[in-house]
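Visitor: So here's coords.txt (compact mmCIF, C-alpha atoms and all ligand atoms).
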```
# COMPACT_ATOMS: atom_id res chain seq x y z
CA MET A 1 58.36 105.77 115.90
CA SER A 2 58.78 102.32 114.46
CA SER A 3 61.97 100.30 114.22
CA GLU A 4 63.09 96.75 113.69
CA LEU A 5 66.07 94.50 114.38
CA THR A 6 68.03 94.22 111.12
CA ALA A 7 71.27 92.53 112.22
CA ALA A 8 72.31 90.46 115.23
CA ARG A 9 75.48 88.54 115.98
CA TYR A 10 76.82 87.45 119.34
CA GLY A 11 79.44 85.24 120.92
CA LYS A 12 82.75 85.42 122.77
CA ASP A 13 85.55 87.90 122.19
CA LYS A 14 89.19 88.03 123.29
CA ILE A 15 89.43 84.32 124.09
CA ARG A 16 93.06 83.58 124.87
CA VAL A 17 94.23 80.06 124.26
CA PHE A 18 97.65 78.42 124.13
CA ARG A 19 98.19 74.85 122.93
CA VAL A 20 101.17 72.50 123.04
CA VAL A 21 101.29 69.60 120.59
CA ARG A 22 103.80 67.06 121.82
CA GLU A 23 105.55 64.69 119.41
CA ALA A 24 108.32 62.26 120.34
CA ASN A 25 111.26 64.60 119.68
CA ILE A 26 109.67 67.96 119.08
CA GLN A 27 106.91 70.11 120.50
CA HIS A 28 104.79 72.63 118.61
CA ILE A 29 102.91 75.59 120.07
CA VAL A 30 100.31 78.15 119.06
CA GLU A 31 98.98 81.15 120.95
CA TYR A 32 95.69 82.50 119.66
CA ASN A 33 93.34 85.34 120.53
CA VAL A 34 89.97 84.22 119.24
CA THR A 35 86.62 85.85 118.56
CA SER A 36 83.77 83.44 117.92
CA LEU A 37 80.40 84.90 116.91
CA LEU A 38 77.14 83.28 115.83
CA GLU A 39 74.24 84.39 113.66
CA GLY A 40 70.87 82.74 113.13
CA ASP A 41 67.31 82.69 114.40
CA VAL A 42 68.12 84.56 117.57
CA SER A 43 66.16 87.77 117.08
CA THR A 44 63.65 87.00 119.86
CA SER A 45 66.50 87.09 122.39
CA TYR A 46 66.80 90.80 121.60
CA THR A 47 63.16 91.67 120.92
CA GLU A 48 61.37 89.50 123.50
CA ALA A 49 64.09 88.70 126.03
CA ASP A 50 63.75 85.07 124.96
CA ASN A 51 66.98 83.38 126.06
CA SER A 52 65.83 79.92 124.93
CA VAL A 53 67.39 80.61 121.50
CA VAL A 54 70.71 81.69 122.99
CA VAL A 55 73.57 79.22 122.79
CA ALA A 56 75.24 80.79 125.82
CA THR A 57 78.58 82.37 125.10
CA ASP A 58 80.19 80.64 128.04
CA SER A 59 78.74 77.15 128.04
CA SER A 60 78.76 76.58 124.34
CA VAL A 61 80.89 79.06 122.44
CA TYR A 62 83.80 79.27 124.88
CA ARG A 63 83.69 75.69 126.21
CA HIS A 64 83.51 74.23 122.71
CA LEU A 65 86.44 76.30 121.62
CA LEU A 66 88.48 74.90 124.50
CA TYR A 67 87.34 71.37 123.63
CA PHE A 68 88.37 71.90 120.00
CA ALA A 69 91.71 73.39 121.10
CA LYS A 70 92.30 70.09 122.89
CA THR A 71 90.96 67.70 120.24
CA SER A 72 91.03 69.26 116.76
CA PRO A 73 93.74 67.83 114.49
CA HIS A 74 93.83 71.30 112.89
CA ILE A 75 94.82 73.31 115.98
CA LEU A 76 98.23 74.32 114.56
CA ASP A 77 96.67 75.59 111.33
CA PRO A 78 94.50 78.66 112.07
CA GLU A 79 92.48 78.64 108.83
CA LYS A 80 91.55 74.98 109.15
CA PHE A 81 90.98 75.24 112.89
CA ALA A 82 88.60 78.19 112.40
CA LEU A 83 86.78 76.33 109.61
CA HIS A 84 86.54 73.27 111.83
CA LEU A 85 85.08 75.23 114.72
CA GLY A 86 82.69 77.22 112.52
CA THR A 87 81.51 74.07 110.76
CA PHE A 88 80.81 72.49 114.11
CA PHE A 89 78.69 75.40 115.37
CA VAL A 90 76.45 75.61 112.31
CA SER A 91 76.15 71.80 112.14
CA LYS A 92 75.32 71.23 115.81
CA TYR A 93 72.74 73.98 116.30
CA ALA A 94 69.74 73.87 113.93
CA HIS A 95 68.95 77.56 114.35
CA ILE A 96 72.51 78.87 113.93
CA HIS A 97 73.17 79.65 110.26
CA LYS A 98 76.50 81.42 110.28
CA ALA A 99 79.62 81.31 112.42
CA PHE A 100 82.31 83.96 112.34
CA ILE A 101 85.66 82.94 113.78
CA THR A 102 88.55 85.40 113.97
CA ILE A 103 91.96 84.19 115.10
CA GLU A 104 94.90 86.43 115.88
CA GLN A 105 98.05 84.35 116.14
CA LEU A 106 100.96 85.70 118.18
CA ARG A 107 104.51 84.99 117.06
CA TRP A 108 106.50 82.26 118.78
CA THR A 109 109.63 81.24 116.87
CA ARG A 110 112.03 78.42 117.77
CA ILE A 111 115.27 79.50 119.44
CA SER A 112 118.37 78.52 117.43
CA VAL A 113 121.09 76.92 119.54
CA GLY A 114 124.53 75.31 119.18
CA ALA A 115 127.34 75.91 116.71
CA ASP A 116 125.13 74.83 113.81
CA GLY A 117 122.27 77.05 115.02
CA HIS A 118 119.74 74.22 114.98
CA GLU A 119 116.20 74.88 116.14
CA HIS A 120 115.46 73.88 119.70
CA PRO A 121 112.62 71.35 120.00
CA TYR A 122 110.67 73.11 122.77
CA SER A 123 112.08 76.62 123.36
CA PHE A 124 110.71 79.70 121.63
CA TYR A 125 110.98 83.49 121.55
CA ARG A 126 108.75 86.34 120.48
CA ASP A 127 110.47 87.64 117.35
CA GLY A 128 107.99 90.32 116.36
CA ASP A 129 104.81 92.13 117.36
CA ASP A 130 103.08 91.39 114.08
CA LYS A 131 100.15 89.01 114.19
CA ARG A 132 98.84 86.53 111.70
CA ILE A 133 95.10 87.10 111.31
CA THR A 134 92.48 84.67 110.04
CA LYS A 135 88.82 85.58 109.56
CA VAL A 136 86.51 82.72 108.70
CA GLU A 137 82.81 82.72 107.96
CA VAL A 138 81.05 79.37 107.75
CA ASP A 139 77.75 79.97 106.00
CA ALA A 140 74.98 77.36 106.28
CA SER A 141 72.20 79.60 105.00
CA ALA A 142 71.84 77.51 101.81
CA GLY A 143 71.37 74.37 103.94
CA LYS A 144 73.28 72.35 106.50
CA ASP A 145 74.56 70.09 103.73
CA LYS A 146 75.77 73.04 101.62
CA LEU A 147 78.25 74.74 103.89
CA VAL A 148 80.49 77.40 102.40
CA GLY A 149 83.68 78.56 104.07
CA LYS A 150 84.86 82.10 103.34
CA VAL A 151 88.38 82.77 104.50
CA THR A 152 90.32 86.03 104.66
CA SER A 153 93.73 85.97 106.30
CA GLY A 154 96.64 88.31 106.60
CA ILE A 155 99.08 90.21 108.75
CA ALA A 156 98.60 93.08 111.21
CA ASP A 157 101.14 95.41 112.81
CA LEU A 158 104.24 94.41 110.81
CA LEU A 159 106.38 97.49 111.42
CA VAL A 160 109.06 98.16 108.76
CA LEU A 161 111.37 101.04 107.89
CA LYS A 162 113.95 101.75 105.18
CA THR A 163 116.37 104.66 105.15
CA SER A 164 116.82 104.91 101.38
CA GLY A 165 115.34 103.56 98.14
CA SER A 166 112.18 105.66 98.49
CA SER A 167 111.24 108.86 96.67
CA PHE A 168 108.11 110.93 96.12
CA GLU A 169 108.22 113.30 93.15
CA ASN A 170 106.09 114.61 90.28
CA PHE A 171 102.91 114.69 92.36
CA PHE A 172 99.94 116.92 91.55
CA LYS A 173 100.59 120.53 92.50
CA ASP A 174 98.22 123.40 93.19
CA GLU A 175 98.03 126.47 95.44
CA TYR A 176 97.91 124.24 98.57
CA THR A 177 101.12 122.38 97.75
CA THR A 178 103.88 122.98 100.23
CA LEU A 179 105.39 119.49 100.11
CA VAL A 180 108.85 119.44 98.57
CA PRO A 181 109.57 116.57 96.14
CA VAL A 182 112.31 114.24 97.43
CA ASN A 183 114.38 111.64 95.59
CA ASP A 184 115.46 109.93 98.81
CA ARG A 185 113.47 109.67 102.04
CA ILE A 186 112.68 107.41 104.96
CA PHE A 187 109.81 105.04 104.27
CA SER A 188 108.17 103.41 107.27
CA THR A 189 104.85 101.65 107.54
CA SER A 190 102.94 99.24 109.71
CA VAL A 191 101.72 96.64 107.27
CA ASP A 192 98.11 95.61 107.41
CA LEU A 193 97.56 92.90 104.81
CA SER A 194 94.55 90.74 104.12
CA TYR A 195 94.09 88.20 101.35
CA THR A 196 90.93 86.36 100.46
CA PHE A 197 90.84 82.71 99.49
CA SER A 198 88.38 81.37 96.94
CA PRO A 199 85.37 80.07 98.94
CA VAL A 200 85.52 76.39 99.91
CA GLN A 201 82.64 73.97 100.14
CA LEU A 202 82.75 72.10 103.42
CA SER A 203 81.12 68.91 104.51
CA SER A 204 79.58 68.72 107.95
CA PRO A 205 81.73 66.54 110.16
CA LYS A 206 80.10 63.23 111.00
CA ASP A 207 82.87 62.84 113.51
CA ASP A 208 83.64 66.12 115.34
CA ARG A 209 87.32 65.55 115.10
CA LYS A 210 87.51 65.43 111.33
CA LEU A 211 86.87 68.08 108.74
CA GLU A 212 86.80 67.41 105.05
CA PHE A 213 87.60 70.23 102.68
CA VAL A 214 85.92 69.77 99.34
CA VAL A 215 86.26 72.38 96.59
CA PRO A 216 83.50 72.69 93.98
CA ASP A 217 85.17 70.41 91.42
CA GLY A 218 85.38 67.69 94.05
CA THR A 219 89.14 67.83 94.52
CA ASP A 220 90.11 67.09 98.10
CA LEU A 221 92.51 69.80 99.19
CA SER A 222 92.85 68.75 102.82
CA GLY A 223 96.41 67.61 102.18
CA GLY A 224 98.40 70.44 100.74
CA ALA A 225 97.26 72.68 97.92
CA TRP A 226 94.92 74.74 100.10
CA ASP A 227 97.73 75.63 102.38
CA GLY A 228 97.01 78.55 104.71
CA ILE A 229 100.32 78.24 106.56
CA GLY A 230 102.32 78.25 103.31
CA VAL A 231 100.40 81.25 101.98
CA ALA A 232 101.02 83.14 105.23
CA GLU A 233 104.76 82.46 105.09
CA ARG A 234 105.02 83.46 101.44
CA ALA A 235 102.90 86.60 101.91
CA ARG A 236 105.05 87.79 104.83
CA LYS A 237 108.26 87.08 102.90
CA VAL A 238 107.01 88.87 99.75
CA THR A 239 105.89 91.86 101.81
CA LEU A 240 109.27 92.22 103.50
CA GLU A 241 111.31 91.54 100.36
CA VAL A 242 109.41 93.92 98.08
CA PHE A 243 109.47 96.58 100.79
CA ALA A 244 113.24 96.22 101.16
CA THR A 245 114.23 95.94 97.50
CA ASP A 246 111.75 98.12 95.62
CA GLU A 247 113.07 101.51 94.45
CA SER A 248 109.85 103.01 95.72
CA ALA A 249 108.30 105.85 93.70
CA SER A 250 105.47 106.06 96.24
CA VAL A 251 103.71 103.95 98.87
CA GLN A 252 101.03 103.33 96.22
CA ALA A 253 103.48 101.90 93.67
CA THR A 254 105.22 99.66 96.23
CA LEU A 255 101.90 98.42 97.59
CA TYR A 256 100.80 97.42 94.07
CA LYS A 257 104.00 95.41 93.49
CA MET A 258 103.59 93.58 96.80
CA ALA A 259 99.99 92.68 96.11
CA ARG A 260 100.63 91.45 92.57
CA LYS A 261 103.41 89.19 93.83
CA VAL A 262 101.22 87.72 96.60
CA ILE A 263 98.56 86.88 93.97
CA ALA A 264 101.12 85.47 91.51
CA GLU A 265 102.64 83.15 94.12
CA ASN A 266 99.40 81.85 95.65
CA PRO A 267 96.88 80.24 93.27
CA HIS A 268 94.05 80.05 95.84
CA ILE A 269 94.16 83.77 96.64
CA ALA A 270 91.40 85.70 94.86
CA SER A 271 92.26 89.19 96.11
CA VAL A 272 94.74 91.08 98.27
CA THR A 273 94.18 94.25 100.29
CA TYR A 274 96.96 96.27 101.86
CA ALA A 275 96.48 99.24 104.19
CA LEU A 276 99.80 101.02 104.59
CA PRO A 277 100.14 104.05 106.83
CA ASN A 278 102.91 106.34 105.65
CA LYS A 279 104.63 106.90 109.00
CA HIS A 280 106.43 110.17 108.44
CA TYR A 281 109.98 110.84 109.62
CA LEU A 282 110.65 114.53 109.03
CA PRO A 283 114.22 115.84 108.64
CA ILE A 284 114.91 118.63 111.13
CA ASP A 285 115.86 122.01 109.65
CA MET A 286 119.24 122.89 111.25
CA SER A 287 119.94 125.93 109.08
CA TYR A 288 119.59 128.05 112.27
CA ILE A 289 123.08 126.77 113.21
CA GLY A 290 124.42 126.62 109.66
CA ILE A 291 124.08 122.83 109.28
CA ASP A 292 122.48 121.22 106.22
CA ASN A 293 120.17 118.47 107.47
CA MET A 294 117.54 119.03 104.77
CA THR A 295 119.04 117.94 101.45
CA PRO A 296 118.16 114.23 101.24
CA ALA A 297 121.78 113.00 101.14
CA LYS A 298 122.61 115.06 104.25
CA ALA A 299 119.43 114.35 106.23
CA GLU A 300 120.45 112.35 109.31
CA VAL A 301 118.38 113.68 112.21
CA PHE A 302 114.65 113.11 111.88
CA MET A 303 111.54 113.66 113.94
CA PRO A 304 109.33 110.54 113.98
CA VAL A 305 105.76 111.80 113.61
CA SER A 306 103.19 109.61 115.29
CA ALA A 307 100.23 111.53 113.86
CA PRO A 308 98.96 112.32 111.36
CA SER A 309 100.16 109.66 108.93
CA GLY A 310 99.30 109.09 105.31
CA LEU A 311 97.14 106.02 104.72
CA ILE A 312 97.41 104.23 101.41
CA THR A 313 95.06 101.32 100.72
CA ALA A 314 94.16 99.23 97.71
CA THR A 315 92.67 95.89 96.75
CA ILE A 316 94.20 93.94 93.88
CA SER A 317 92.12 91.04 92.54
CA ARG A 318 92.88 88.07 90.33
CA LYS A 319 91.46 88.54 86.81
O1 LIG B 1 104.16 107.71 98.87
C1 LIG B 1 103.46 108.72 99.08
N1 LIG B 1 102.18 108.74 98.62
C2 LIG B 1 101.36 109.82 98.80
O2 LIG B 1 100.19 109.81 98.36
C3 LIG B 1 101.89 110.91 99.52
N2 LIG B 1 101.36 112.11 99.90
C4 LIG B 1 102.33 112.76 100.60
O3 LIG B 1 102.19 113.91 101.12
N3 LIG B 1 103.45 112.01 100.67
C5 LIG B 1 103.20 110.85 100.01
N4 LIG B 1 103.96 109.75 99.78
```
Write the structure described by the file as structure tokens, please.
Ligand SMILES: O=c1[nH]c(=O)c2[nH]c(=O)[nH]c2[nH]1
Guide:
Amino acid sequence: MSSELTAARYGKDKIRVFRVVREANIQHIVEYNVTSLLEGDVSTSYTEADNSVVVATDSSVYRHLLYFAKTSPHILDPEKFALHLGTFFVSKYAHIHKAFITIEQLRWTRISVGADGHEHPYSFYRDGDDKRITKVEVDASAGKDKLVGKVTSGIADLLVLKTSGSSFENFFKDEYTTLVPVNDRIFSTSVDLSYTFSPVQLSSPKDDRKLEFVVPDGTDLSGGAWDGIGVAERARKVTLEVFATDESASVQATLYKMARKVIAENPHIASVTYALPNKHYLPIDMSYIGIDNMTPAKAEVFMPVSAPSGLITATISRK
């Protein structure tokens, strides 16, 4: 039998880090779960037990992440922070050619206080279980002076439900069809969204603490236009608004409207993928006691079904 190593990637997973940024009158926080993985000329560590090529996951990967959490000017901005960290890894280590940084950001929202409901400068609450996800690849395989940053971000676990404004009719029917068409039903899903930015060319930081973003035409986007935080806010808002207001003919049709709007509102987004489980809530048949709970307008008692669910996915790309 013969075999060979065809892929290898290693690093640190489930790194939990919390950072406070203190300004004179306000404090900012982020809580991240980070995965930081490296690829490069490390095959002998697997095939010959040669640890000399291993940038140890503790001493380098984890300790550098902590150092960057303390010093990076981009810590509050997950896309830029991940690009900064990835750029550092592939720049510092000659034999590391790719870095893969995944950041899951937990929600902390400012508490509103007082009669005017103003935002408190240093008190926060968890206002949702959904996470903001950023996946960054920094690719130095074309050369250490030709770094490319590939960024996909999105949302996970955004649980939503509407009690009307959703139908499912006129679907394909054959001898297996038992599903009854409905013009009004509960629609619930746990939104999994990811959107891909156009790749960015990065320059290796001469000073660790800086990171220049340079797009192919030479325009410096470090200031505003390439705005991961803004995209994330708009994408979450569009997702919730379209979900709430669409007269949904199906999960498929609503998904498509959401994705098109995310692309229309965000010029740097090249494609959008949604994965939407159709979390079924089944009306209970109460005809045994003479009560109509099955016609859509009279359906009030439902059984939430945890499994199975439908799963509707699609990718919509900019033309
Ligand atoms: O919105 C829906 N899409 C489907 O593809 C489907 N299939 C199904 O049984 N119910 C639904 N609902």
Visitor: Between atom CA of A:Ile75 and atom CA of A:Ile269, what distance in Å does the model show, to one decimal?
Guide: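 Here the two named atoms are 22.0 Å from each other.
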Visitor: Which residues come within 12 Å of stretch 171-182 of chain A, counting all atoms listed in the file, excluding same-chain residues fewer than 4 positions away, as a compact mmCIF listing (two decimals) with C-alpha atoms, in the frame of the given file?
Guide:
```txt
# COMPACT_ATOMS: atom_id res chain seq x y z
CA SER A 164 116.82 104.91 101.38
CA GLY A 165 115.34 103.56 98.14
CA SER A 166 112.18 105.66 98.49
CA SER A 167 111.24 108.86 96.67
CA ILE A 186 112.68 107.41 104.96
CA PHE A 187 109.81 105.04 104.27
CA SER A 248 109.85 103.01 95.72
CA ALA A 249 108.30 105.85 93.70
CA SER A 250 105.47 106.06 96.24
CA LEU A 282 110.65 114.53 109.03
CA PRO A 283 114.22 115.84 108.64
CA MET A 294 117.54 119.03 104.77
CA THR A 295 119.04 117.94 101.45
CA PRO A 296 118.16 114.23 101.24
CA ALA A 297 121.78 113.00 101.14
CA ALA A 299 119.43 114.35 106.23
```
Visitor: Taking all atoms of ligand LIG 1 (chain B) that the file lists, what box with edges along x, y and z, padded by 5 Å per side, do you get, with centre and edge lengths in Å to one decimal, as AutoDock Vina command-line options?
Guide:
```
--center_x 102.2 --center_y 110.8 --center_z 99.7 --size_x 14.0 --size_y 16.2 --size_z 12.8
```
Visitor: For atom CA of A:Ser123 and atom CA of A:Glu23, quote the distance in Å rounded to one decimal.
Guide: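 For atom CA of A:Ser123 relative to atom CA of A:Glu23, the distance reads 14.2 Å.
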Visitor: I need the residue nearest ligand LIG 1 (chain B) from this list: A:Pro304, A:Gly228, A:Pro277, A:Gly154. Use all atoms listed in the file for the distance.
Guide: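 Comparing A:Pro304, A:Gly228, A:Pro277, A:Gly154 against ligand LIG 1 (chain B), the winner is A:Pro277.
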Visitor: If we count all atoms listed in the file and set the cut-off at 10 Å, which residues sit around A:Pro78, ignoring sequence neighbours fewer than 5 positions away in its own chain? Please answer as a ChimeraX atom specification.
Guide: /A:30,32,83-84,101-105,132-136,153,228-229
Visitor: In Å, rounded to a single decimal, give me how far atom CA of A:Leu193 is from atom C3 of ligand LIG 1 (chain B).
Guide: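 A separation of 19.3 Å between them.
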Visitor: Measuring between all atoms listed in the file, which one of A:Leu255, A:Ala270, A:Val20, A:Met1 shows the shortest distance to ligand LIG 1 (chain B)?
Guide: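 Of A:Leu255, A:Ala270, A:Val20, A:Met1, the one nearest ligand LIG 1 (chain B) is A:Leu255, counting all atoms listed in the file.
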Visitor: Name all residues at most 12 Å from A:Ser43 (count all atoms listed in the file; drop same-chain ones fewer than 6 positions away) and give them as a PyMOL selection string.
Guide: chain A and resi 4-10+49-54+95-96
Visitor: Between A:Asn170, A:Thr196, A:Thr163, A:Asn266, which is the closest to ligand LIG 1 (chain B) once you count all atoms listed in the file?
Guide: A:Asn170
Visitor: From the list A:Lys237, A:Lys144, A:Lys257, A:Arg185, which residue is nearest ligand LIG 1 (chain B) when using all atoms listed in the file?
Guide: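 Nearest to ligand LIG 1 (chain B): A:Arg185.
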